[in-house]
file model.cif (mmCIF, C-alpha atoms and all ligand atoms)
data_structure
loop_
_atom_site.label_atom_id
_atom_site.label_comp_id
_atom_site.auth_asym_id
_atom_site.auth_seq_id
_atom_site.Cartn_x
_atom_site.Cartn_y
_atom_site.Cartn_z
CA MET A 209 92.32 104.89 90.86
CA TYR A 210 93.47 108.44 91.56
CA LYS A 211 90.79 108.94 94.16
CA THR A 212 91.64 105.63 95.82
CA THR A 213 95.28 106.52 96.23
CA LEU A 214 94.48 110.04 97.40
CA SER A 215 92.15 108.62 100.02
CA LEU A 216 94.85 106.24 101.13
CA LEU A 217 97.33 109.07 101.44
CA LEU A 218 94.98 111.28 103.39
CA LEU A 219 93.95 108.40 105.59
CA THR A 220 97.57 107.53 106.24
CA ALA A 221 98.26 111.11 107.19
CA GLY A 222 95.29 111.08 109.55
CA LEU A 223 93.47 113.69 107.50
CA CYS A 224 90.35 111.90 106.48
CA GLY A 225 88.96 111.34 109.94
CA CYS A 226 86.95 108.47 108.56
CA GLY A 227 89.22 105.50 109.14
CA PRO A 228 90.82 103.62 111.99
CA ALA A 229 93.50 105.51 113.90
CA THR A 230 95.90 102.62 113.40
CA ALA A 231 96.11 103.50 109.70
CA GLN A 232 98.45 106.33 110.69
CA ASN A 233 101.11 103.77 111.49
CA ALA A 234 101.19 102.59 107.89
CA MET A 235 103.52 105.40 106.78
CA PRO A 236 106.49 106.10 109.03
CA SER A 237 107.03 109.57 107.57
CA ALA A 238 103.58 110.58 108.75
CA ALA A 239 104.09 109.13 112.20
CA ASN A 240 107.00 111.43 113.00
CA ALA A 241 105.98 114.35 110.80
CA ASP A 242 106.45 116.83 113.61
CA ALA A 243 110.17 116.25 113.38
CA TYR A 244 110.23 117.41 109.76
CA PRO A 245 111.14 120.94 108.75
CA SER A 246 108.71 122.61 106.36
CA ALA A 247 110.70 121.69 103.29
CA PRO A 248 112.84 118.60 103.81
CA ARG A 249 115.20 117.75 100.96
CA ASP A 250 115.10 114.11 99.90
CA PRO A 251 117.99 113.07 97.63
CA ALA A 252 116.08 109.89 96.72
CA LEU A 253 113.54 112.04 94.89
CA LYS A 254 115.92 113.51 92.29
CA PRO A 255 114.46 111.23 89.56
CA VAL A 256 111.03 112.53 90.54
CA PHE A 257 112.27 116.10 90.10
CA ASP A 258 113.13 115.19 86.52
CA GLN A 259 109.71 113.60 86.02
CA PHE A 260 108.16 116.91 87.05
CA GLY A 261 110.13 118.57 84.25
CA GLY A 262 112.67 120.23 86.53
CA LYS A 263 112.16 123.81 87.67
CA PRO A 264 110.42 124.92 84.42
CA GLY A 265 107.97 122.05 84.92
CA LEU A 266 107.28 123.14 88.49
CA ILE A 267 106.71 126.75 87.39
CA ALA A 268 104.19 125.62 84.75
CA LEU A 269 102.54 123.26 87.23
CA MET A 270 102.14 125.98 89.85
CA ASN A 271 100.32 128.27 87.41
CA ASP A 272 97.63 125.66 86.89
CA PHE A 273 97.62 124.69 90.57
CA MET A 274 96.93 128.29 91.59
CA ASP A 275 94.25 128.65 88.89
CA ASN A 276 92.58 125.57 90.37
CA LEU A 277 92.83 126.95 93.91
CA VAL A 278 91.11 130.17 92.87
CA ALA A 279 88.43 128.32 90.89
CA ASP A 280 87.69 125.93 93.78
CA PRO A 281 84.99 127.37 96.08
CA VAL A 282 86.55 125.64 99.10
CA THR A 283 90.00 127.17 98.65
CA ARG A 284 89.12 130.42 96.84
CA PRO A 285 88.47 132.45 100.03
CA TYR A 286 92.04 131.84 101.18
CA PHE A 287 93.73 132.77 97.93
CA GLU A 288 91.63 135.40 96.16
CA ASN A 289 93.14 138.33 98.08
CA ALA A 290 96.57 136.83 98.64
CA ASP A 291 99.77 137.60 96.74
CA ARG A 292 99.40 134.61 94.44
CA ASN A 293 102.57 135.24 92.44
CA HIS A 294 104.56 135.26 95.66
CA ILE A 295 102.93 132.03 96.88
CA LYS A 296 103.58 130.34 93.53
CA ALA A 297 107.25 131.33 93.62
CA GLU A 298 107.61 130.01 97.16
CA LEU A 299 105.83 126.78 96.25
CA VAL A 300 108.14 126.25 93.27
CA ASP A 301 111.18 126.61 95.52
CA GLN A 302 109.66 124.46 98.25
CA PHE A 303 108.70 121.60 95.93
CA CYS A 304 112.04 121.95 94.10
CA VAL A 305 113.90 121.49 97.39
CA ILE A 306 111.74 118.56 98.47
CA LEU A 307 112.50 116.87 95.13
CA ASP A 308 116.24 117.57 95.54
CA GLY A 309 116.34 120.16 92.77
CA PRO A 310 118.94 122.98 92.61
CA CYS A 311 116.88 125.46 94.59
CA THR A 312 116.77 127.08 98.01
CA TYR A 313 113.56 127.66 99.92
CA THR A 314 113.70 130.98 101.74
CA GLY A 315 110.00 131.25 102.63
CA LYS A 316 108.34 130.90 105.97
CA ASP A 317 107.98 127.65 107.86
CA MET A 318 104.54 126.11 107.39
CA ALA A 319 103.20 126.97 110.84
CA SER A 320 104.15 130.65 110.46
CA ALA A 321 102.90 130.87 106.87
CA HIS A 322 99.43 129.59 107.78
CA ARG A 323 98.99 130.98 111.28
CA GLY A 324 95.64 132.62 111.93
CA MET A 325 94.10 131.31 108.70
CA ASP A 326 91.88 128.72 110.38
CA VAL A 327 92.68 126.12 107.70
CA ASP A 328 90.53 123.06 108.28
CA ARG A 329 90.81 119.51 106.95
CA ALA A 330 88.31 120.12 104.17
CA ALA A 331 90.41 123.00 102.84
CA PHE A 332 93.62 120.98 103.12
CA ASN A 333 92.08 118.02 101.30
CA ALA A 334 90.66 120.33 98.62
CA LEU A 335 94.10 121.83 98.06
CA VAL A 336 95.61 118.38 97.62
CA GLN A 337 92.94 117.51 95.08
CA ASP A 338 93.53 120.77 93.20
CA LEU A 339 97.22 119.87 93.06
CA GLN A 340 96.38 116.40 91.75
CA THR A 341 94.21 117.89 89.04
CA ALA A 342 97.10 120.13 87.97
CA MET A 343 99.58 117.24 88.02
CA ASN A 344 97.27 115.12 85.88
CA LYS A 345 96.95 117.96 83.38
CA HIS A 346 100.75 118.06 83.17
CA ASP A 347 100.96 114.30 82.68
CA ILE A 348 103.12 113.81 85.77
CA PRO A 349 103.44 110.04 86.20
CA PHE A 350 101.15 108.72 88.89
CA ARG A 351 103.94 107.26 91.02
CA ALA A 352 105.85 110.54 90.88
CA GLN A 353 102.72 112.39 92.02
CA ASN A 354 102.40 110.13 95.00
CA LYS A 355 106.04 110.58 95.99
CA LEU A 356 105.46 114.31 96.29
CA LEU A 357 102.07 113.94 97.98
CA ALA A 358 103.59 111.62 100.56
CA LYS A 359 105.96 114.47 101.51
CA LEU A 360 103.21 117.08 101.64
CA ALA A 361 100.60 115.09 103.55
CA PRO A 362 102.39 115.20 106.94
CA MET A 363 102.53 119.00 106.72
CA HIS A 364 98.88 119.09 107.75
CA ARG A 365 100.15 119.00 111.32
CA GLN A 366 101.61 122.48 110.90
CA ILE A 367 98.93 123.87 108.58
CA VAL A 368 95.53 122.60 109.76
CA THR A 369 94.62 124.56 112.87
CA LYS A 370 90.83 124.24 112.87
CA PRO A 371 89.10 120.96 113.73
C1 LIG B 401 100.77 120.71 102.00
C2 LIG B 401 100.00 121.78 101.88
C3 LIG B 401 100.53 123.19 101.76
C4 LIG B 401 101.77 123.63 101.41
C5 LIG B 401 102.99 122.80 101.03
C6 LIG B 401 101.74 125.07 101.45
C7 LIG B 401 102.82 125.89 101.16
C8 LIG B 401 102.81 127.26 101.27
C9 LIG B 401 103.95 128.12 101.05
C10 LIG B 401 105.34 127.64 100.65
C11 LIG B 401 103.56 129.39 101.26
C12 LIG B 401 104.42 130.66 101.15
C13 LIG B 401 105.11 130.96 102.46
C14 LIG B 401 105.79 132.32 102.44
O1 LIG B 401 105.16 133.31 102.07
O2 LIG B 401 106.97 132.40 102.82
C15 LIG B 401 102.16 129.34 101.59
C16 LIG B 401 101.39 130.45 101.85
C17 LIG B 401 100.02 130.42 101.89
N1 LIG B 401 99.23 129.32 101.98
FE1 LIG B 401 99.85 127.40 101.96
N2 LIG B 401 100.50 125.48 101.81
C18 LIG B 401 99.72 124.36 102.00
C19 LIG B 401 98.39 124.34 102.38
C20 LIG B 401 97.57 125.44 102.38
C21 LIG B 401 96.15 125.40 102.55
C22 LIG B 401 95.35 124.12 102.79
C23 LIG B 401 95.70 126.68 102.43
C24 LIG B 401 94.30 127.18 102.50
C25 LIG B 401 93.29 126.53 101.96
C26 LIG B 401 96.85 127.53 102.21
C27 LIG B 401 96.81 128.89 102.07
C28 LIG B 401 97.92 129.71 101.97
C29 LIG B 401 97.86 131.17 101.88
C30 LIG B 401 96.58 132.02 101.81
C31 LIG B 401 99.18 131.62 101.86
C32 LIG B 401 99.67 133.08 101.77
C33 LIG B 401 99.89 133.62 103.15
C34 LIG B 401 100.33 135.08 103.12
O3 LIG B 401 99.78 135.85 102.33
O4 LIG B 401 101.25 135.42 103.86
N3 LIG B 401 97.96 126.73 102.18
N4 LIG B 401 101.74 128.05 101.60
#

call {"tool": "encode", "arguments": {"input": "model.cif", "output": "structure tokens", "more": "lines below"}}
Ligand code: HEM
result
Amino acid sequence: MYKTTLSLLLLTAGLCGCGPATAQNAMPSAANADAYPSAPRDPALKPVFDQFGGKPGLIALMNDFMDNLVADPVTRPYFENADRNHIKAELVDQFCVILDGPCTYTGKDMASAHRGMDVDRAAFNALVQDLQTAMNKHDIPFRAQNKLLAKLAPMHRQIVTKP
């Protein structure tokens, strides 16, 4: 079930590379993702912010998310020498803004933050799975997870720079 929906999301965002190109048209937000800033606020997602447990919930989630990223051999090389506390703090603010929480994101835009890292699709997909694992551990409702993932998936256009 989880894997099915993740695959759908990645396919829709054009990440999988294993499905028909027309699948990208299934989600309008992915089709015009280039028009999105790195952290768009969506007032419709305020209930989802609450389902994540507000800002304290996001802080707790990010600790497990980062632990997963460092434990995952695909993503570890990117994060093991990075300032992980800084990244976690920026991610909390970014997700908080996306979910219409009372936060301000002052970090870099996604293209600048990931420039020169040679992030490929496998790494991006692995990161999404590591986030899903953390969200499951925190009992975030499945539909709430997918609302957030639908906002993150289009960001691959700014982040993935290696075929
Ligand atoms: C939707 C997916 C992603 C989101 C929302 C995201 C978000 C962020 C944010 C908010 C920052 C902090 C920016 C700042 O310092 O101002 C950041 C930095 C970083 N991200 Fe990502 N990221 C994503 C995907 C990835 C992937 C796939 C990788 C590698 C596997 C990655 C590796 C990093 C690293 C290493 C940094 C720290 C860069 C530095 O030290 O300056 N990110 N990311």

call {"tool": "residues_around", "arguments": {"input": "model.cif", "residues": "stretch 342-347 of chain A", "least_positions_apart": "5", "cutoff": "8 Å", "atoms": "all atoms listed in the file", "output": "PyMOL selection string"}}
result
chain A and resi 269-270+272-273+276+353

call {"tool": "axis_aligned_box", "arguments": {"input": "model.cif", "around": "ligand LIG 401 (chain B)", "padding_each_side": "8 Å", "output": "lines of an AutoDock Vina configuration file"}}
result
center_x = 100.1
center_y = 128.3
center_z = 102.3
size_x = 29.7
size_y = 31.1
size_z = 19.2

call {"tool": "residues_near_ligand", "arguments": {"input": "model.cif", "ligand": "ligand LIG 401 (chain B)", "cutoff": "6 Å", "atoms": "only C-alpha atoms and all ligand atoms", "output": "PyMOL selection string"}}
result
chain A and resi 283+286-287+290-291+295+298-299+302+315-316+321-322+327+331-332+335+360-361+363

call {"tool": "residues_around", "arguments": {"input": "model.cif", "residues": "A:Gly265", "least_positions_apart": "6", "cutoff": "10 Å", "atoms": "all atoms listed in the file", "output": "PyMOL selection string"}}
result
chain A and resi 257-259+300+346+348

call {"tool": "closest_residue", "arguments": {"input": "model.cif", "among": "A:Gly261, A:Phe303, A:Val282, A:Ala352", "to": "A:Asn333", "atoms": "all atoms listed in the file"}}
result
A:Val282

call {"tool": "closest_residue", "arguments": {"input": "model.cif", "among": "A:Arg323, A:Arg284, A:Lys263, A:Arg329", "to": "A:Cys304", "atoms": "all atoms listed in the file"}}
result
A:Lys263

call {"tool": "atom_distance", "arguments": {"input": "model.cif", "atom1": "atom CA of A:Arg292", "atom2": "atom CA of A:Ala268"}}
result
14.1 Å

call {"tool": "closest_residue", "arguments": {"input": "model.cif", "among": "A:Ile306, A:Leu277, A:Arg249, A:Ile367", "to": "A:Gln340", "atoms": "all atoms listed in the file"}}
result
A:Leu277

call {"tool": "closest_residue", "arguments": {"input": "model.cif", "among": "A:Val368, A:Leu356, A:Ala319, A:Ala279", "to": "A:Leu253", "atoms": "only C-alpha atoms"}}
result
A:Leu356

call {"tool": "atom_distance", "arguments": {"input": "model.cif", "atom1": "atom CA of A:Asp250", "atom2": "atom CA of A:Thr369"}}
result
26.4 Å
